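Everything below belongs to coords_33.cif, which stores mmCIF, C-alpha atoms.
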```
data_my_file
loop_
_atom_site.label_atom_id
_atom_site.label_comp_id
_atom_site.auth_asym_id
_atom_site.auth_seq_id
_atom_site.Cartn_x
_atom_site.Cartn_y
_atom_site.Cartn_z
CA MET K 1 200.48 76.75 -108.97
CA GLY K 2 197.76 74.05 -109.35
CA GLY K 3 198.68 70.67 -110.73
CA ALA K 4 200.15 68.06 -108.46
CA GLY K 5 200.40 70.29 -105.41
CA MET K 6 197.65 68.51 -103.52
CA ILE K 7 198.57 64.95 -104.32
CA ASP K 8 199.68 62.24 -101.90
CA VAL K 9 200.85 58.83 -103.05
CA ALA K 10 200.24 55.62 -101.09
CA LEU K 11 202.11 52.41 -101.91
CA VAL K 12 200.08 49.55 -100.48
CA HIS K 13 201.75 46.27 -99.43
CA TYR K 14 198.61 44.76 -97.89
CA PRO K 15 196.01 43.80 -99.03
CA VAL K 16 197.40 43.07 -102.52
CA LEU K 17 197.15 40.12 -104.90
CA ASN K 18 199.68 37.50 -105.87
CA ARG K 19 199.98 36.00 -109.36
CA GLN K 20 197.23 33.53 -108.50
CA GLY K 21 194.87 36.35 -107.53
CA GLU K 22 195.02 35.51 -103.83
CA GLU K 23 195.17 38.22 -101.17
CA ILE K 24 198.63 38.55 -99.65
CA GLY K 25 200.93 40.97 -97.85
CA ALA K 26 203.99 41.91 -99.93
CA ALA K 27 207.44 42.75 -98.62
CA VAL K 28 208.68 46.32 -98.70
CA THR K 29 211.37 46.88 -101.37
CA GLY K 30 214.00 49.52 -100.75
CA LEU K 31 214.14 50.46 -104.38
CA ASP K 32 210.40 51.14 -104.56
CA ILE K 33 210.84 53.63 -101.74
CA HIS K 34 213.79 55.35 -103.40
CA ASP K 35 212.36 55.50 -106.91
CA ILE K 36 208.86 56.56 -105.93
CA ALA K 37 210.15 59.15 -103.45
CA ARG K 38 212.34 60.72 -106.16
CA THR K 39 209.50 60.76 -108.67
CA ALA K 40 207.07 62.10 -106.06
CA ARG K 41 209.50 64.88 -105.17
CA THR K 42 209.87 65.75 -108.86
CA TYR K 43 206.12 66.16 -109.25
CA GLY K 44 205.48 68.13 -106.07
CA VAL K 45 203.73 65.31 -104.23
CA GLU K 46 203.29 66.23 -100.57
CA ARG K 47 203.56 62.86 -98.85
CA PHE K 48 204.43 59.35 -99.89
CA PHE K 49 202.71 56.84 -97.60
CA VAL K 50 204.28 53.40 -97.38
CA VAL K 51 201.45 51.18 -96.18
CA THR K 52 202.30 47.95 -94.39
CA PRO K 53 200.81 46.34 -91.28
CA TYR K 54 204.07 44.52 -90.43
CA GLN K 55 206.03 46.26 -87.71
CA ALA K 56 209.41 44.90 -88.79
CA GLN K 57 208.79 46.27 -92.28
CA GLN K 58 207.65 49.60 -90.90
CA GLU K 59 210.87 49.82 -88.91
CA LEU K 60 212.90 49.00 -92.02
CA VAL K 61 211.27 51.90 -93.86
CA ARG K 62 211.92 54.27 -90.97
CA GLU K 63 215.55 53.14 -90.81
CA LEU K 64 216.00 53.67 -94.54
CA VAL K 65 214.47 57.14 -94.34
CA ARG K 66 216.68 58.04 -91.36
CA HIS K 67 219.81 56.88 -93.17
CA TRP K 68 219.03 58.96 -96.23
CA SER K 69 217.65 62.06 -94.54
CA THR K 70 219.42 62.83 -91.26
CA GLY K 71 222.00 59.99 -91.51
CA PRO K 72 225.18 59.45 -93.54
CA GLY K 73 223.38 58.81 -96.84
CA GLY K 74 221.72 62.21 -96.69
CA ARG K 75 225.00 63.97 -95.99
CA ARG K 76 226.58 62.37 -99.04
CA ASN K 77 223.51 62.80 -101.21
CA PRO K 78 221.19 65.61 -100.06
CA ASP K 79 218.90 65.25 -103.09
CA ARG K 80 218.06 61.76 -101.96
CA GLY K 81 217.30 62.97 -98.47
CA GLU K 82 215.01 65.64 -99.86
CA ALA K 83 213.05 62.96 -101.70
CA LEU K 84 212.92 60.46 -98.83
CA SER K 85 211.70 63.12 -96.39
CA LEU K 86 208.30 62.75 -98.09
CA VAL K 87 207.93 59.19 -96.77
CA ARG K 88 205.36 58.42 -94.06
CA VAL K 89 204.75 54.97 -92.65
CA ALA K 90 201.12 53.86 -92.26
CA ALA K 91 199.75 50.55 -90.97
CA ASP K 92 196.68 50.61 -93.21
CA LEU K 93 194.51 52.82 -95.40
CA ALA K 94 192.53 54.00 -92.37
CA GLU K 95 195.70 55.63 -91.10
CA VAL K 96 196.28 57.23 -94.48
CA LYS K 97 192.72 58.55 -94.46
CA ALA K 98 193.20 60.04 -91.02
CA ALA K 99 196.42 61.74 -92.14
CA ALA K 100 194.96 62.97 -95.45
CA GLY K 101 192.07 64.64 -93.66
CA GLU K 102 188.42 65.35 -94.48
CA GLY K 103 187.60 65.79 -98.11
CA ALA K 104 190.59 63.93 -99.51
CA LEU K 105 189.67 61.88 -102.55
CA PHE K 106 191.14 58.37 -102.72
CA VAL K 107 191.90 57.25 -106.26
CA ALA K 108 192.98 53.65 -106.80
CA THR K 109 195.11 52.49 -109.70
CA SER K 110 194.94 49.08 -111.29
CA ALA K 111 196.28 47.33 -114.36
CA ARG K 112 192.92 45.60 -114.74
CA GLU K 113 189.91 47.07 -116.47
CA GLY K 114 186.94 47.77 -114.22
CA GLU K 115 183.48 49.27 -114.49
CA GLY K 116 183.08 53.01 -114.05
CA CYS K 117 186.79 53.77 -114.21
CA LEU K 118 187.83 57.39 -114.05
CA GLY K 119 189.44 58.58 -117.30
CA TRP K 120 192.78 60.36 -117.18
CA ASP K 121 191.30 63.67 -118.31
CA GLU K 122 188.77 63.53 -115.49
CA ALA K 123 191.51 62.64 -113.04
CA ARG K 124 193.54 65.57 -114.25
CA GLY K 125 190.55 67.78 -113.65
CA LEU K 126 190.41 66.54 -110.08
CA ALA K 127 194.15 67.12 -109.69
CA LEU K 128 193.62 70.72 -110.76
CA SER K 129 190.78 71.21 -108.29
CA ASN K 130 191.23 72.18 -104.68
CA ARG K 131 190.66 68.70 -103.31
CA ARG K 132 193.50 66.59 -102.10
CA LEU K 133 194.01 63.43 -104.14
CA VAL K 134 195.52 60.32 -102.60
CA LEU K 135 196.70 57.98 -105.34
CA LEU K 136 196.78 54.32 -104.27
CA PHE K 137 199.21 51.93 -105.93
CA GLY K 138 199.47 48.22 -105.18
CA THR K 139 202.68 46.22 -104.98
CA ALA K 140 202.88 42.55 -106.11
CA ASN K 141 200.07 41.98 -108.64
CA GLY K 142 198.08 45.02 -107.59
CA LEU K 143 195.52 46.20 -105.05
CA ALA K 144 193.18 43.54 -103.67
CA PRO K 145 189.40 44.15 -103.88
CA ALA K 146 189.39 45.08 -100.18
CA ALA K 147 191.80 47.95 -100.95
CA LEU K 148 189.98 49.03 -104.13
CA ALA K 149 186.76 49.18 -102.11
CA GLN K 150 188.23 51.87 -99.88
CA ALA K 151 188.81 54.27 -102.79
CA HIS K 152 186.31 56.84 -104.07
CA HIS K 153 187.43 56.30 -107.65
CA ARG K 154 189.35 53.82 -109.72
CA LEU K 155 191.56 55.13 -112.49
CA ALA K 156 191.56 53.61 -115.96
CA PRO K 157 194.56 51.31 -116.46
CA ILE K 158 197.65 52.81 -118.07
CA ARG K 159 197.69 51.50 -121.62
CA GLY K 160 200.71 51.38 -123.83
CA THR K 161 200.40 50.35 -127.44
CA GLY K 162 199.09 46.82 -126.95
CA ASP K 163 197.76 44.33 -124.43
CA TYR K 164 200.92 43.87 -122.37
CA ASN K 165 200.14 45.37 -118.96
CA HIS K 166 202.96 44.39 -116.63
CA LEU K 167 204.43 47.77 -115.82
CA PRO K 168 206.58 47.93 -112.69
CA VAL K 169 204.77 49.90 -109.99
CA ARG K 170 207.71 52.33 -110.01
CA SER K 171 207.03 53.09 -113.69
CA ALA K 172 203.27 53.29 -113.17
CA VAL K 173 203.71 55.94 -110.47
CA ALA K 174 205.97 57.97 -112.77
CA ILE K 175 203.54 57.83 -115.67
CA ALA K 176 200.52 58.62 -113.50
CA LEU K 177 202.13 61.68 -111.90
CA ASP K 178 203.33 62.94 -115.26
CA ARG K 179 199.84 62.57 -116.73
CA LEU K 180 198.18 64.29 -113.79
CA GLY K 181 200.48 67.17 -113.30
CA GLY K 182 203.71 67.51 -115.09
CA TYR K 183 203.31 67.08 -118.77
CA ARG K 184 201.52 70.32 -119.49
CA LYS K 185 204.30 72.36 -117.87
CA PRO K 186 206.82 72.60 -120.72
CA GLU K 187 204.12 73.78 -123.11
CA ALA K 188 202.40 76.11 -120.63
CA GLY K 189 200.15 78.54 -122.43
CA ARG K 190 200.22 76.63 -125.69
CA GLN K 191 197.34 74.80 -127.20
CA ARG K 192 197.95 71.20 -127.95
CA THR K 193 195.61 68.98 -129.89
CA GLU K 194 195.60 65.22 -129.68
CA ARG K 195 196.21 63.42 -132.90
CA MET O 196 199.75 51.69 -136.29
CA GLY O 197 201.97 54.74 -135.74
CA GLY O 198 203.02 55.76 -132.27
CA ALA O 199 205.85 53.98 -130.58
CA GLY O 200 206.16 51.20 -133.15
CA MET O 201 209.49 52.41 -134.48
CA ILE O 202 211.22 53.23 -131.24
CA ASP O 203 214.33 51.62 -129.81
CA VAL O 204 215.67 52.45 -126.38
CA ALA O 205 219.38 52.48 -125.50
CA LEU O 206 220.56 52.55 -121.89
CA VAL O 207 224.11 53.84 -121.92
CA HIS O 208 226.60 52.85 -119.18
CA TYR O 209 229.60 54.48 -120.82
CA PRO O 210 230.39 57.33 -121.36
CA VAL O 211 228.27 58.81 -118.55
CA LEU O 212 228.92 61.34 -115.79
CA ASN O 213 229.39 60.87 -112.07
CA ARG O 214 228.14 63.34 -109.44
CA GLN O 215 231.28 65.42 -109.94
CA GLY O 216 230.64 65.69 -113.67
CA GLU O 217 233.53 63.40 -114.60
CA GLU O 218 233.25 60.83 -117.37
CA ILE O 219 232.91 57.30 -116.01
CA GLY O 220 231.62 53.85 -116.90
CA ALA O 221 228.69 52.77 -114.70
CA ALA O 222 227.85 49.23 -113.61
CA VAL O 223 224.88 47.44 -115.11
CA THR O 224 221.97 47.13 -112.64
CA GLY O 225 219.67 44.13 -112.95
CA LEU O 226 216.66 46.15 -111.95
CA ASP O 227 217.23 48.73 -114.69
CA ILE O 228 217.11 45.92 -117.21
CA HIS O 229 213.91 44.42 -115.76
CA ASP O 230 212.04 47.69 -115.30
CA ILE O 231 212.99 49.24 -118.61
CA ALA O 232 212.32 46.01 -120.52
CA ARG O 233 208.81 45.79 -119.03
CA THR O 234 208.07 49.45 -119.79
CA ALA O 235 209.52 49.10 -123.29
CA ARG O 236 207.36 46.05 -123.94
CA THR O 237 204.30 47.95 -122.72
CA TYR O 238 204.92 50.76 -125.18
CA GLY O 239 205.73 48.61 -128.19
CA VAL O 240 209.44 49.43 -128.25
CA GLU O 241 211.22 47.11 -130.67
CA ARG O 242 214.63 46.71 -129.04
CA PHE O 243 216.20 47.71 -125.76
CA PHE O 244 219.94 48.12 -126.19
CA VAL O 245 222.05 47.79 -123.06
CA VAL O 246 225.25 49.63 -123.92
CA THR O 247 228.41 48.73 -122.03
CA PRO O 248 231.98 48.18 -123.22
CA TYR O 249 232.81 45.82 -120.33
CA GLN O 250 232.71 42.18 -121.38
CA ALA O 251 231.93 40.86 -117.90
CA GLN O 252 228.94 43.20 -117.71
CA GLN O 253 227.81 42.21 -121.18
CA GLU O 254 227.92 38.56 -120.12
CA LEU O 255 225.91 39.38 -116.98
CA VAL O 256 223.19 40.95 -119.12
CA ARG O 257 223.13 37.94 -121.47
CA GLU O 258 222.91 35.58 -118.50
CA LEU O 259 220.04 37.55 -116.98
CA VAL O 260 218.17 37.56 -120.30
CA ARG O 261 218.74 33.81 -120.73
CA HIS O 262 217.45 33.08 -117.24
CA TRP O 263 214.26 35.06 -117.78
CA SER O 264 213.58 34.12 -121.39
CA THR O 265 214.56 30.52 -122.14
CA GLY O 266 215.61 29.60 -118.57
CA PRO O 267 213.73 28.81 -115.33
CA GLY O 268 212.65 32.41 -114.68
CA GLY O 269 210.85 32.58 -118.02
CA ARG O 270 209.04 29.30 -117.40
CA ARG O 271 207.71 30.59 -114.08
CA ASN O 272 207.02 34.08 -115.37
CA PRO O 273 206.48 34.21 -119.15
CA ASP O 274 205.51 37.93 -119.09
CA ARG O 275 208.96 38.73 -117.81
CA GLY O 276 210.52 36.66 -120.57
CA GLU O 277 208.48 38.49 -123.16
CA ALA O 278 209.84 41.80 -121.89
CA LEU O 279 213.45 40.69 -121.56
CA SER O 280 213.49 39.25 -125.07
CA LEU O 281 213.71 42.88 -126.27
CA VAL O 282 217.20 43.23 -124.75
CA ARG O 283 220.24 43.50 -127.02
CA VAL O 284 223.79 43.95 -125.78
CA ALA O 285 225.93 46.59 -127.51
CA ALA O 286 229.51 47.59 -126.76
CA ASP O 287 229.00 51.22 -127.80
CA LEU O 288 226.72 53.58 -129.70
CA ALA O 289 228.42 52.71 -132.98
CA GLU O 290 227.09 49.17 -132.58
CA VAL O 291 223.63 50.53 -131.82
CA LYS O 292 223.82 52.69 -134.95
CA ALA O 293 224.77 49.71 -137.06
CA ALA O 294 221.85 47.70 -135.64
CA ALA O 295 219.35 50.56 -135.99
CA GLY O 296 220.17 51.00 -139.64
CA GLU O 297 220.26 53.90 -142.09
CA GLY O 298 217.89 56.75 -141.35
CA ALA O 299 217.45 56.05 -137.66
CA LEU O 300 217.26 59.24 -135.65
CA PHE O 301 219.20 59.27 -132.37
CA VAL O 302 217.52 61.34 -129.67
CA ALA O 303 219.41 61.88 -126.43
CA THR O 304 217.74 62.57 -123.10
CA SER O 305 219.19 64.65 -120.31
CA ALA O 306 218.07 66.18 -117.03
CA ARG O 307 220.11 69.26 -117.89
CA GLU O 308 218.90 72.14 -120.04
CA GLY O 309 220.72 72.59 -123.30
CA GLU O 310 220.56 74.82 -126.35
CA GLY O 311 218.29 73.81 -129.19
CA CYS O 312 216.53 71.06 -127.30
CA LEU O 313 213.74 69.25 -129.06
CA GLY O 314 210.33 69.88 -127.45
CA TRP O 315 208.12 66.95 -126.53
CA ASP O 316 205.50 67.82 -129.14
CA GLU O 317 208.16 67.85 -131.84
CA ALA O 318 209.51 64.55 -130.55
CA ARG O 319 206.03 63.09 -130.66
CA GLY O 320 205.76 64.24 -134.25
CA LEU O 321 208.95 62.35 -135.04
CA ALA O 322 207.63 59.28 -133.19
CA LEU O 323 204.55 59.38 -135.42
CA SER O 324 206.65 59.64 -138.58
CA ASN O 325 208.11 56.72 -140.44
CA ARG O 326 211.63 57.19 -139.11
CA ARG O 327 213.01 54.94 -136.46
CA LEU O 328 213.81 56.77 -133.22
CA VAL O 329 216.54 55.55 -130.92
CA LEU O 330 216.10 57.12 -127.49
CA LEU O 331 219.35 57.36 -125.52
CA PHE O 332 219.25 57.36 -121.72
CA GLY O 333 222.27 57.69 -119.47
CA THR O 334 222.84 55.82 -116.21
CA ALA O 335 224.66 57.41 -113.22
CA ASN O 336 224.34 61.20 -113.58
CA GLY O 337 223.46 61.12 -117.25
CA LEU O 338 225.01 60.95 -120.69
CA ALA O 339 228.49 62.44 -121.04
CA PRO O 340 229.10 65.07 -123.73
CA ALA O 341 230.78 62.42 -125.90
CA ALA O 342 227.51 60.45 -125.92
CA LEU O 343 225.30 63.51 -126.43
CA ALA O 344 227.47 64.43 -129.40
CA GLN O 345 226.50 61.22 -131.17
CA ALA O 346 222.79 62.07 -131.14
CA HIS O 347 220.92 63.98 -133.86
CA HIS O 348 218.68 65.66 -131.30
CA ARG O 349 218.56 66.31 -127.61
CA LEU O 350 215.20 66.19 -125.87
CA ALA O 351 214.06 68.86 -123.43
CA PRO O 352 214.45 67.68 -119.82
CA ILE O 353 211.42 66.13 -118.16
CA ARG O 354 210.10 68.76 -115.79
CA GLY O 355 207.81 68.09 -112.89
CA THR O 356 206.37 70.95 -110.89
CA GLY O 357 209.60 72.50 -109.62
CA ASP O 358 213.36 72.48 -109.92
CA TYR O 359 214.04 69.03 -108.48
CA ASN O 360 215.37 66.95 -111.37
CA HIS O 361 216.67 63.69 -109.95
CA LEU O 362 214.34 61.21 -111.57
CA PRO O 363 215.54 57.60 -111.62
CA VAL O 364 216.41 56.59 -115.18
CA ARG O 365 213.74 53.87 -114.88
CA SER O 366 211.10 56.53 -114.27
CA ALA O 367 212.45 58.82 -116.98
CA VAL O 368 212.15 56.03 -119.56
CA ALA O 369 208.55 55.37 -118.49
CA ILE O 370 207.56 59.03 -118.72
CA ALA O 371 209.31 59.53 -122.06
CA LEU O 372 207.66 56.53 -123.69
CA ASP O 373 204.26 57.52 -122.34
CA ARG O 374 204.67 61.05 -123.70
CA LEU O 375 205.83 59.84 -127.09
CA GLY O 376 203.37 57.12 -127.72
CA GLY O 377 200.97 55.93 -125.15
CA TYR O 378 199.08 58.77 -123.60
CA ARG O 379 196.92 59.67 -126.54
CA LYS O 380 195.60 56.11 -126.84
CA PRO O 381 192.84 56.13 -124.20
CA GLU O 382 191.40 59.36 -125.59
CA ALA O 383 191.78 58.44 -129.25
CA GLY O 384 189.63 60.61 -131.44
CA ARG O 385 188.92 63.16 -128.72
CA GLN O 386 190.16 66.70 -128.61
CA ARG O 387 192.07 67.66 -125.56
CA THR O 388 193.13 71.16 -124.67
CA GLU O 389 195.97 71.99 -122.37
CA ARG O 390 195.08 74.12 -119.41
#
```
Will you turn the file into C-alpha cells for me?
Amino acid sequence: MGGAGMIDVALVHYPVLNRQGEEIGAAVTGLDIHDIARTARTYGVERFFVVTPYQAQQELVRELVRHWSTGPGGRRNPDRGEALSLVRVAADLAEVKAAAGEGALFVATSAREGEGCLGWDEARGLALSNRRLVLLFGTANGLAPAALAQAHHRLAPIRGTGDYNHLPVRSAVAIALDRLGGYRKPEAGRQRTER
Amino acid sequence: MGGAGMIDVALVHYPVLNRQGEEIGAAVTGLDIHDIARTARTYGVERFFVVTPYQAQQELVRELVRHWSTGPGGRRNPDRGEALSLVRVAADLAEVKAAAGEGALFVATSAREGEGCLGWDEARGLALSNRRLVLLFGTANGLAPAALAQAHHRLAPIRGTGDYNHLPVRSAVAIALDRLGGYRKPEAGRQRTER
C-alpha cells in the first residue's frame, strides 16, 4: 500500500525547551496521548512512542493505555482502545532506536527554521520508500538541540499563511501525517498541479 | 494573498450526534478552543465561531477568551492571546450566517460519506476564490443532519490509509486548513505531481 505504513511517531518529553529556550523535561498530557494515538491510527502509523525518562510518568501512560485498551474505557469505546494500542513507552531516544531497528530513519520536526531542512516533498519520498521513518515531535516549546542531534534529518517547519508558528503539537502531528501519507488518497490516480 | 484569507471556522456544539446517532448538545471543551484558535491563527483564519445555545457555556468561552487576551494569561503568553482573539461566540448557525455576511459559502465537514460531497481540490478552488468560506465542524460524533442541512456543501471525509475514521475534531480542523490553504506555500511556484 505504500504511504504511511512504515512510520512510527515519537512524542518527546525530554529533552525539550521551555519558553526561555532552556532544556527541560515536560509532563505527559493525557490528551496528547489520546489525540495523537487517534491520528496515528487514522494514518496507519505502526507505533506511537511516548518518550519520558520519569518512571511515574511512564506508569501513568501505561495505566492510561490499560484503561482504554483492556480496561473499562476500551469496553465502552473500542475505537479508542484500537488507537491507544499503538502506544509504547520509551525512556529515551536510544530505546526508540533499539525498537525501530537498523535502517530506521529519524526525522525531527521543529517550528524553527534550520539549515539543511528536509522539504515536505522529499520527506514524502522517504515515506514512500521502504525505509522506516520515525517522526520526532517535541512537547513544550519543541525538541532541544540534544534531541535534534539524534535525528538523521530535520523537517522544514509547517508554515501556515504567515509568521505565526505556535501550532499545538497535536495539530502538528495531524498535519505532518496528512502531508506524508494521507492526502493523496482521495485523488488516487489523478494528477494534481500546485497553483 | 489568496489561500485561507477568507476562511472562518465554526465549531458546532448543537445540534450534533452522540455515539448512538441521537441529536444532542455537547459541552464546550477548553482545549478545543485553545487548539483550534492556534491552528486557525496559523492558517490566517479570520474568525473562529464557537457555536452553543447554552448561555452558561457561552459565558465560559467569553471568560476563557478574556483571561487569555486582555487578562493575566495573555500578559504571560501573548501568542495565545493573539490566537484566542479570533474567537466569537454564536448561539446558532443563523448567528454565524448573519456575521459571515451575504455570499459566504457554508461548507460542512463530516467523517461519514455522503452523496455529492465536495472533493478537496474543489474546496481548495473555492478557498482560492473571492468568496468567504465558513467551515463547519461538529463536536461529539459530528454534525447532526439539521446542521448539515444548513450548509451549501459537504466536504469529503478526511481519509487516512484505512477505514479508521475517529480523528479528534482538533486534528480534523488542522488537516482541513492545511489542505485548503497552507500546504502549497513551501513549494510555491513548483510543480508537484501526485503519485
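Proximity of K:Ala91, K:Ala40, K:Val12, K:Ala26 to chain O, computed with only C-alpha atoms, is greatest for K:Ala40.
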Work out how far apart CA of Val204 in chain O and CA of Arg242 in chain O are and give it in Å to one decimal.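 Answer for the CA of Val204 in chain O to CA of Arg242 in chain O separation: 6.4 Å.
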At a cut-off of 10 Å, using all atoms listed in the file, what residues contact Ile228 in chain O? Leave out same-chain residues fewer than 6 positions from it and give the result as a list in words. Leu206, Phe243, Phe244, Val245, Val256, Leu259, Val260, Ala278, Leu279, Val282 and Arg365 of chain O
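Taking CA of Ala351 in chain O and CA of Phe332 in chain O as endpoints, the distance between them is 12.7 Å.
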Mind listing as a PyMOL selection string all residues within 10 Å of (203.0, 60.5, -112.5), counting only C-alpha atoms? (chain K and resi 4+9+36+39-40+42-43+45+135+170-183) or (chain O and resi 355+366+369-370)
So what do you get for CA of Glu254 in chain O versus CA of Ala341 in chain O, distance-wise? 24.7 Å
Between K:Pro78, K:Pro72, K:Gly25, K:Gly44, smallest distance to chain O by all atoms listed in the file belongs to K:Gly44
Every residue with an atom at most 10 Å from (188.6, 48.8, -117.3) (file coordinates; all atoms listed in the file) is what I'm after, so could you write them as an NGL selection string? :K and (110-119 or 154-158)
Writer output for current selection, C-alpha atoms, as a PDB file, in the coordinates of the input:
```pdb
ATOM      1  CA  SER K 110     194.940  49.080-111.290  1.00  0.00           C
ATOM      2  CA  ALA K 111     196.280  47.330-114.360  1.00  0.00           C
ATOM      3  CA  ARG K 112     192.920  45.600-114.740  1.00  0.00           C
ATOM      4  CA  GLU K 113     189.910  47.070-116.470  1.00  0.00           C
ATOM      5  CA  GLY K 114     186.940  47.770-114.220  1.00  0.00           C
ATOM      6  CA  GLU K 115     183.480  49.270-114.490  1.00  0.00           C
ATOM      7  CA  GLY K 116     183.080  53.010-114.050  1.00  0.00           C
ATOM      8  CA  CYS K 117     186.790  53.770-114.210  1.00  0.00           C
ATOM      9  CA  LEU K 118     187.830  57.390-114.050  1.00  0.00           C
ATOM     10  CA  GLY K 119     189.440  58.580-117.300  1.00  0.00           C
ATOM     11  CA  ARG K 154     189.350  53.820-109.720  1.00  0.00           C
ATOM     12  CA  LEU K 155     191.560  55.130-112.490  1.00  0.00           C
ATOM     13  CA  ALA K 156     191.560  53.610-115.960  1.00  0.00           C
ATOM     14  CA  PRO K 157     194.560  51.310-116.460  1.00  0.00           C
ATOM     15  CA  ILE K 158     197.650  52.810-118.070  1.00  0.00           C
TER      16      ILE K 158
END
```
